[in-house]
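Undergrad: Supplied structure: my_file_30.txt, compact mmCIF, C-alpha atoms.
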```txt
# COMPACT_ATOMS: atom_id res chain seq x y z
CA MET A 1 0.70 5.30 -63.06
CA ALA A 2 -2.50 5.14 -65.01
CA ASP A 3 -4.83 8.13 -64.65
CA LEU A 4 -6.90 8.25 -61.48
CA ILE A 5 -10.26 8.19 -63.29
CA THR A 6 -9.29 4.75 -64.64
CA HIS A 7 -8.09 3.59 -61.23
CA GLY A 8 -11.22 4.81 -59.47
CA ALA A 9 -13.59 3.45 -62.14
CA ALA A 10 -11.88 0.06 -62.09
CA ALA A 11 -12.32 -0.08 -58.32
CA VAL A 12 -16.02 0.84 -58.50
CA ALA A 13 -16.62 -1.64 -61.33
CA LEU A 14 -14.85 -4.47 -59.50
CA LYS A 15 -16.79 -3.89 -56.30
CA ALA A 16 -20.05 -3.63 -58.24
CA ALA A 17 -19.25 -6.84 -60.11
CA TYR A 18 -19.33 -8.93 -56.95
CA ARG A 19 -21.49 -6.50 -54.93
CA GLY A 20 -18.74 -5.82 -52.43
CA ALA A 21 -19.14 -3.66 -49.36
CA MET A 22 -16.92 -0.77 -48.22
CA VAL A 23 -16.74 0.63 -51.74
CA PRO A 24 -15.51 4.09 -50.59
CA VAL A 25 -12.66 2.48 -48.62
CA PHE A 26 -11.70 0.30 -51.59
CA VAL A 27 -11.73 3.37 -53.87
CA LEU A 28 -9.68 5.30 -51.30
CA GLY A 29 -7.20 2.42 -51.35
CA THR A 30 -6.91 2.54 -55.12
CA LEU A 31 -6.35 6.31 -55.12
CA ALA A 32 -3.92 6.27 -52.17
CA PRO A 33 -0.72 5.18 -53.98
CA ASP A 34 -0.80 8.23 -56.27
CA LEU A 35 -2.29 10.50 -53.62
CA PHE A 36 0.53 9.84 -51.16
CA SER A 37 3.45 9.42 -53.55
CA ARG A 38 2.85 10.99 -56.95
CA VAL A 39 1.00 14.12 -55.82
CA PRO A 40 3.71 15.30 -53.37
CA ALA A 41 6.51 14.19 -55.71
CA ILE A 42 5.05 16.08 -58.67
CA GLY A 43 4.25 19.15 -56.57
CA LEU A 44 7.64 19.32 -54.91
CA GLY A 45 9.33 18.44 -58.22
CA TYR A 46 7.70 21.50 -59.75
CA VAL A 47 8.99 23.61 -56.86
CA HIS A 48 12.45 22.08 -57.32
CA VAL A 49 12.62 22.82 -61.05
CA HIS A 50 10.92 26.20 -61.16
CA LEU A 51 11.25 27.86 -57.76
CA VAL A 52 13.91 26.64 -55.35
CA ALA A 53 16.26 23.64 -55.22
CA LEU A 54 15.06 20.98 -52.79
CA PRO A 55 17.01 18.04 -51.30
CA ALA A 56 16.61 14.75 -53.17
CA TRP A 57 14.93 13.04 -50.23
CA LEU A 58 12.14 15.56 -50.43
CA THR A 59 11.46 14.98 -54.13
CA HIS A 60 12.19 11.22 -54.18
CA GLY A 61 11.31 10.17 -50.64
CA TRP A 62 7.68 9.48 -51.52
CA GLN A 63 8.47 6.64 -53.93
CA PRO A 64 8.19 3.82 -51.34
CA LEU A 65 4.53 4.73 -50.94
CA HIS A 66 4.03 3.54 -54.52
CA GLN A 67 5.70 0.17 -53.90
CA PRO A 68 4.14 -2.95 -52.35
CA PHE A 69 5.93 -2.92 -49.00
CA GLY A 70 5.34 0.80 -48.48
CA LEU A 71 1.69 0.38 -49.47
CA VAL A 72 1.14 -2.33 -46.86
CA VAL A 73 2.57 0.02 -44.23
CA LEU A 74 0.42 2.86 -45.56
CA ALA A 75 -2.73 0.68 -45.50
CA TYR A 76 -1.97 -0.28 -41.90
CA LEU A 77 -1.46 3.34 -40.82
CA MET A 78 -4.61 4.47 -42.64
CA ALA A 79 -6.65 1.61 -41.12
CA MET A 80 -5.49 2.63 -37.65
CA MET A 81 -7.27 5.96 -38.16
CA PHE A 82 -10.62 4.16 -38.31
CA GLU A 83 -12.69 2.84 -35.42
CA ALA A 84 -11.29 -0.34 -33.90
CA HIS A 85 -14.18 -2.65 -34.82
CA VAL A 86 -13.80 -2.03 -38.58
CA ARG A 87 -10.02 -1.81 -38.83
CA GLN A 88 -9.42 -5.30 -40.20
CA ARG A 89 -12.05 -4.90 -42.91
CA VAL A 90 -10.77 -1.39 -43.68
CA PHE A 91 -7.21 -2.69 -43.95
CA ALA A 92 -8.31 -5.50 -46.28
CA ASN A 93 -10.22 -3.08 -48.52
CA LEU A 94 -7.44 -0.49 -48.56
CA ALA A 95 -4.88 -3.17 -49.41
CA GLY A 96 -7.20 -4.62 -52.04
CA GLY A 97 -7.64 -1.24 -53.68
CA MET A 98 -3.91 -0.67 -53.61
CA ALA A 99 -3.31 -4.09 -55.18
CA LEU A 100 -5.76 -3.26 -57.96
CA HIS A 101 -3.94 0.05 -58.53
CA TYR A 102 -0.60 -1.69 -58.70
CA GLY A 103 -1.90 -4.41 -61.00
CA ILE A 104 -3.13 -1.80 -63.50
CA ASP A 105 0.10 0.21 -63.26
CA LEU A 106 2.20 -2.89 -63.89
CA LEU A 107 0.52 -3.26 -67.29
CA GLN A 108 2.25 -0.08 -68.48
CA ASP A 109 5.46 0.27 -70.47
CA HIS A 110 7.97 2.84 -69.22
CA HIS A 111 10.65 2.03 -71.80
CA GLY A 112 13.03 0.23 -69.49
CA VAL A 113 12.13 1.65 -66.10
CA GLY A 114 9.70 -0.66 -64.35
CA TYR A 115 8.39 -0.63 -60.81
CA LEU A 116 10.55 -1.52 -57.81
CA VAL A 117 8.18 -4.27 -56.75
CA GLY A 118 10.51 -5.72 -54.11
CA PHE A 119 11.81 -2.55 -52.45
CA PRO A 120 13.52 -2.51 -49.95
CA PHE A 121 14.34 -6.23 -50.16
CA TRP A 122 15.08 -6.50 -53.89
CA SER A 123 16.39 -3.69 -56.09
CA GLY A 124 15.22 -5.07 -59.43
CA SER A 125 12.30 -3.59 -61.36
CA PHE A 126 9.43 -5.18 -63.23
CA GLU A 127 6.42 -4.35 -65.37
CA PHE A 128 4.35 -6.29 -67.90
CA ALA A 129 4.73 -3.47 -70.47
CA VAL A 130 1.65 -4.35 -72.49
CA MET A 131 0.31 -0.79 -72.88
CA GLY A 132 1.69 2.73 -73.09
CA SER A 133 1.77 4.94 -70.02
CA GLU A 134 -0.94 7.20 -71.52
CA ALA A 135 -3.08 4.44 -73.03
CA THR A 136 -5.77 4.75 -70.36
CA VAL A 137 -6.57 8.33 -71.40
CA TRP A 138 -8.83 7.00 -74.17
CA TRP A 139 -10.94 4.66 -72.08
CA ALA A 140 -10.98 6.49 -68.75
CA VAL A 141 -14.29 8.30 -69.26
CA PRO A 142 -16.11 5.37 -70.96
CA LEU A 143 -14.90 3.07 -68.17
CA ALA A 144 -16.15 5.56 -65.57
CA LEU A 145 -19.59 5.60 -67.24
CA VAL A 146 -19.72 1.80 -67.33
CA ALA A 147 -18.60 1.59 -63.69
CA GLY A 148 -21.19 4.16 -62.63
CA GLY A 149 -23.92 2.32 -64.51
CA LEU A 150 -22.88 -1.02 -63.03
CA ALA A 151 -22.83 0.44 -59.51
CA TRP A 152 -26.28 1.95 -60.02
CA ILE A 153 -27.72 -1.36 -61.28
CA ARG A 154 -26.18 -3.24 -58.36
CA SER A 155 -27.54 -0.70 -55.88
CA LYS A 156 -31.08 -1.56 -57.05
CA GLN A 157 -30.64 -5.26 -56.33
CA PRO A 158 -31.80 -6.62 -52.97
CA ASN A 159 -28.84 -8.91 -52.12
CA PRO A 160 -26.79 -7.61 -49.16
CA PRO A 161 -23.22 -6.52 -49.93
CA HIS A 162 -20.25 -8.43 -48.58
CA ASP A 163 -16.50 -7.79 -48.32
CA MET B 1 26.67 14.59 -61.19
CA ALA B 2 29.46 15.11 -58.70
CA SER B 3 32.14 13.56 -60.93
CA PRO B 4 31.03 13.77 -64.57
CA ASP B 5 34.28 12.38 -66.06
CA GLU B 6 33.66 9.03 -64.42
CA HIS B 7 30.35 8.76 -66.28
CA ASP B 8 31.48 9.91 -69.71
CA GLY B 9 29.73 7.76 -72.32
CA ALA B 10 27.29 6.29 -69.85
CA GLU B 11 23.94 5.22 -71.27
CA LEU B 12 21.16 7.27 -69.64
CA LEU B 13 17.39 7.10 -69.64
CA PHE B 14 15.21 10.10 -68.79
CA PRO B 15 11.65 8.80 -68.47
CA LEU B 16 8.85 11.35 -68.62
CA TRP B 17 10.95 14.51 -68.35
CA ARG B 18 9.59 17.92 -69.24
CA VAL B 19 11.01 20.09 -72.01
CA THR B 20 11.98 23.39 -70.40
CA ARG B 21 13.87 25.12 -73.20
CA ILE B 22 14.41 24.80 -76.96
CA ARG B 23 17.83 26.22 -77.85
CA ASN B 24 17.68 25.41 -81.58
CA ALA B 25 16.52 22.65 -83.93
CA SER B 26 18.99 20.16 -82.49
CA VAL B 27 19.48 21.23 -78.87
CA TYR B 28 16.91 21.35 -76.10
CA GLU B 29 16.77 21.13 -72.33
CA ILE B 30 14.75 18.81 -70.12
CA SER B 31 14.03 18.97 -66.39
CA LYS B 32 12.73 16.74 -63.67
CA THR B 33 14.94 15.80 -60.71
CA ILE B 34 17.80 17.74 -62.34
CA PRO B 35 16.90 21.12 -63.82
CA ASN B 36 17.80 21.99 -67.42
CA VAL B 37 19.72 18.96 -68.68
CA ARG B 38 21.04 19.84 -72.16
CA VAL B 39 20.13 17.30 -74.84
CA TYR B 40 21.61 17.10 -78.34
CA GLY B 41 18.97 15.60 -80.57
CA ASP B 42 16.13 16.41 -82.90
CA ALA B 43 14.14 19.22 -81.29
CA GLN B 44 11.77 19.72 -84.19
CA SER B 45 8.11 19.33 -83.29
CA LEU B 46 8.99 19.86 -79.63
CA SER B 47 7.58 22.68 -77.51
CA VAL B 48 8.38 23.90 -74.03
CA GLY B 49 6.13 22.02 -71.63
CA ASP B 50 6.06 18.79 -73.64
CA THR B 51 6.83 15.53 -71.86
CA VAL B 52 9.40 13.20 -73.42
CA THR B 53 11.38 10.09 -72.64
CA VAL B 54 14.99 10.42 -73.81
CA LYS B 55 17.57 7.69 -74.21
CA GLY B 56 21.13 8.83 -74.83
CA ARG B 57 24.79 8.89 -73.84
CA PHE B 58 26.27 11.29 -71.32
CA ARG B 59 29.09 13.56 -72.56
CA ALA B 60 31.20 14.79 -69.67
CA ASN B 61 33.00 17.77 -71.21
CA ASP B 62 29.81 19.83 -71.48
CA ALA B 63 27.59 17.72 -69.18
CA ALA B 64 25.16 17.09 -72.02
CA VAL B 65 23.26 14.10 -73.34
CA LEU B 66 23.61 12.89 -76.92
CA ALA B 67 20.14 11.50 -77.57
CA HIS B 68 19.67 8.48 -79.81
CA GLU B 69 16.00 7.98 -79.11
CA ARG B 70 13.17 10.28 -78.10
CA ILE B 71 9.69 9.09 -77.21
CA ASP B 72 7.03 11.79 -77.10
CA HIS B 73 4.13 11.66 -74.64
CA PRO B 74 1.53 13.94 -76.25
CA HIS B 75 -1.31 12.76 -73.98
CA ARG B 76 0.50 13.40 -70.71
CA LYS B 77 -1.41 16.62 -70.05
CA ALA B 78 -4.75 14.91 -70.68
CA LYS B 79 -3.72 12.19 -68.27
CA GLY B 80 -2.82 14.78 -65.66
CA LEU B 81 -6.14 16.58 -66.12
CA LEU B 82 -8.06 13.31 -65.74
CA SER B 83 -6.21 12.60 -62.49
CA ILE B 84 -6.81 16.10 -61.16
CA GLY B 85 -10.49 15.66 -62.03
CA ALA B 86 -10.59 12.36 -60.16
CA LEU B 87 -9.00 13.93 -57.09
CA LEU B 88 -11.51 16.81 -57.19
CA ILE B 89 -14.43 14.38 -57.45
CA ALA B 90 -12.99 12.30 -54.60
CA GLY B 91 -12.48 15.40 -52.47
CA ILE B 92 -16.03 16.59 -53.05
CA ALA B 93 -17.50 13.14 -52.42
CA ALA B 94 -15.37 12.31 -49.37
CA PRO B 95 -17.62 13.99 -46.74
CA ARG B 96 -20.55 11.91 -48.08
CA PHE B 97 -18.72 8.67 -47.31
CA PHE B 98 -16.34 9.51 -44.45
CA GLY B 99 -16.65 11.49 -41.24
CA ILE B 100 -14.86 12.07 -37.94
CA ARG B 101 -16.19 10.87 -34.57
CA ASN B 102 -14.19 10.74 -31.35
CA ARG B 103 -11.02 11.51 -33.32
CA ARG B 104 -11.55 8.44 -35.49
CA VAL B 105 -12.59 8.14 -39.12
CA VAL B 106 -16.06 6.65 -39.54
CA ILE B 107 -17.66 5.27 -42.68
CA ARG B 108 -21.04 6.76 -43.56
CA GLY B 109 -23.81 5.14 -45.51
```
Translate the structure described by the file into structure tokens.

TA:
Amino acid sequence: MADLITHGAAAVALKAAYRGAMVPVFVLGTLAPDLFSRVPAIGLGYVHVHLVALPAWLTHGWQPLHQPFGLVVLAYLMAMMFEAHVRQRVFANLAGGMALHYGIDLLQDHHGVGYLVGFPFWSGSFEFAVMGSEATVWWAVPLALVAGGLAWIRSKQPNPPHD
Amino acid sequence: MASPDEHDGAELLFPLWRVTRIRNASVYEISKTIPNVRVYGDAQSLSVGDTVTVKGRFRANDAAVLAHERIDHPHRKAKGLLSIGALLIAGIAAPRFFGIRNRRVVIRG
């Protein structure tokens, strides 16, 4: 995973670039893969290593929520929490944000361990491996500033936003 | 591993594991899903808490890994801090953009 500042800034910048609506939902979608898989896995992994042994399903069971099929299911479940008349647009924006997240993550190189892009239908892994897994640390804050500036400029323009 | 002898000599990859103990200049331990895996390899310049990727062969008789490559991840903590910062910002901003009405999430603004 790239850092979440980079993910969030990329989402804001992309939406600002074409003046898209539902920016908070799109950003939520781009944060969701790490929020629902990495955060519990890292937290429970810490407990497992330092405090008390936990069963493998508890430390590894979150991984499908960082894979395409699991993310589609997650986007559906999250969209169902919204009011009925916006669910389709919410689902599309959540899924779009998740796709952006995954696209950025796939650029990383994990030295032989890629992402299980086809789970549970295909067990192979894949990644483009064009940048290191910490490469985004250097441009996260500048990208956030650019994204914020772009969003501010777009907010001053009169054209109505669209999905 | 339940049956280490069956995996003697197996090529293993430990991506992004944390260094939890430095025994000496050529032996250290890493942890992630398995606590305190002993690794034989260059431990110089390593500190407890560092994140490393280790490639090596499994040795069954002492359940250790003979490392032939170590990739350091010195910016892992910075990456973690950036992500924690992003989650804090998102958590603070969330009530501005989302609310609850009739047990459903509504989008504000």

Undergrad: The residues within 10 Å of (13.8, 3.9, -71.6), using all atoms listed in the file and the coordinates of the file, should be reported as a tab-separated table (two decimals) with C-alpha atoms, in the coordinates of the input; which are they?

TA:
```tsv
chain	number	residue	atom	x	y	z
A	109	ASP	CA	5.46	0.27	-70.47
A	110	HIS	CA	7.97	2.84	-69.22
A	111	HIS	CA	10.65	2.03	-71.80
A	112	GLY	CA	13.03	0.23	-69.49
A	113	VAL	CA	12.13	1.65	-66.10
A	114	GLY	CA	9.70	-0.66	-64.35
B	12	LEU	CA	21.16	7.27	-69.64
B	13	LEU	CA	17.39	7.10	-69.64
B	14	PHE	CA	15.21	10.10	-68.79
B	15	PRO	CA	11.65	8.80	-68.47
B	16	LEU	CA	8.85	11.35	-68.62
B	53	THR	CA	11.38	10.09	-72.64
B	54	VAL	CA	14.99	10.42	-73.81
B	55	LYS	CA	17.57	7.69	-74.21
B	56	GLY	CA	21.13	8.83	-74.83
B	69	GLU	CA	16.00	7.98	-79.11
B	70	ARG	CA	13.17	10.28	-78.10
B	71	ILE	CA	9.69	9.09	-77.21
```

Undergrad: Can you list every residue of chain B that has an atom at most 8 Å from chain A, with its nearest atom pair and the distance in Å to one decimal, using only C-alpha atoms, ordered by chain then number, as JSON lines?

TA:
```
{"residue": "B:Pro15", "atom": "CA", "partner": "A:His110", "partner_atom": "CA", "distance": 7.0}
{"residue": "B:Ser31", "atom": "CA", "partner": "A:Val49", "partner_atom": "CA", "distance": 6.7}
{"residue": "B:Lys32", "atom": "CA", "partner": "A:Val49", "partner_atom": "CA", "distance": 6.6}
{"residue": "B:Thr33", "atom": "CA", "partner": "A:Gly45", "partner_atom": "CA", "distance": 6.7}
{"residue": "B:Ile34", "atom": "CA", "partner": "A:Val49", "partner_atom": "CA", "distance": 7.4}
{"residue": "B:Pro35", "atom": "CA", "partner": "A:Val49", "partner_atom": "CA", "distance": 5.4}
{"residue": "B:His73", "atom": "CA", "partner": "A:Glu134", "partner_atom": "CA", "distance": 7.4}
{"residue": "B:His75", "atom": "CA", "partner": "A:Glu134", "partner_atom": "CA", "distance": 6.1}
{"residue": "B:Arg76", "atom": "CA", "partner": "A:Glu134", "partner_atom": "CA", "distance": 6.4}
{"residue": "B:Ala78", "atom": "CA", "partner": "A:Val137", "partner_atom": "CA", "distance": 6.9}
{"residue": "B:Lys79", "atom": "CA", "partner": "A:Asp3", "partner_atom": "CA", "distance": 5.6}
{"residue": "B:Gly80", "atom": "CA", "partner": "A:Asp3", "partner_atom": "CA", "distance": 7.0}
{"residue": "B:Leu82", "atom": "CA", "partner": "A:Ile5", "partner_atom": "CA", "distance": 6.1}
{"residue": "B:Ser83", "atom": "CA", "partner": "A:Leu4", "partner_atom": "CA", "distance": 4.5}
{"residue": "B:Ile84", "atom": "CA", "partner": "A:Leu4", "partner_atom": "CA", "distance": 7.9}
{"residue": "B:Gly85", "atom": "CA", "partner": "A:Ile5", "partner_atom": "CA", "distance": 7.6}
{"residue": "B:Ala86", "atom": "CA", "partner": "A:Ile5", "partner_atom": "CA", "distance": 5.2}
{"residue": "B:Leu87", "atom": "CA", "partner": "A:Leu4", "partner_atom": "CA", "distance": 7.5}
{"residue": "B:Phe97", "atom": "CA", "partner": "A:Pro24", "partner_atom": "CA", "distance": 6.5}
{"residue": "B:Arg104", "atom": "CA", "partner": "A:Phe82", "partner_atom": "CA", "distance": 5.2}
{"residue": "B:Val105", "atom": "CA", "partner": "A:Phe82", "partner_atom": "CA", "distance": 4.5}
{"residue": "B:Val106", "atom": "CA", "partner": "A:Phe82", "partner_atom": "CA", "distance": 6.1}
```

Undergrad: If I take CA of Gln63 (chain A) and CA of Ala75 (chain A), how far is one from the other in Å, to one decimal?

TA: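 These atoms are spaced 15.2 Å apart.
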
Undergrad: Report, in Å with one decimal, the straight-line distance from CA of Arg19 (chain A) to CA of Val73 (chain A).

TA: 27.1 Å

Undergrad: What is the distance, in Å and to one decimal place, between CA of Ala95 (chain A) and CA of Val117 (chain A)?

TA: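 About the pair CA of Ala95 (chain A) and CA of Val117 (chain A): they are 15.0 Å apart.
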
Undergrad: Residues proximal to (8.7, 25.3, -70.5) were defined as those with any atom within 7 Å of that point in the file's coordinates, counting only C-alpha atoms. Which are they, as a PDB file with C-alpha atoms, in the frame of the given file?

TA:
```
ATOM      1  CA  VAL B  19      11.010  20.090 -72.010  1.00  0.00           C
ATOM      2  CA  THR B  20      11.980  23.390 -70.400  1.00  0.00           C
ATOM      3  CA  ARG B  21      13.870  25.120 -73.200  1.00  0.00           C
ATOM      4  CA  VAL B  48       8.380  23.900 -74.030  1.00  0.00           C
ATOM      5  CA  GLY B  49       6.130  22.020 -71.630  1.00  0.00           C
TER       6      GLY B  49
END
```
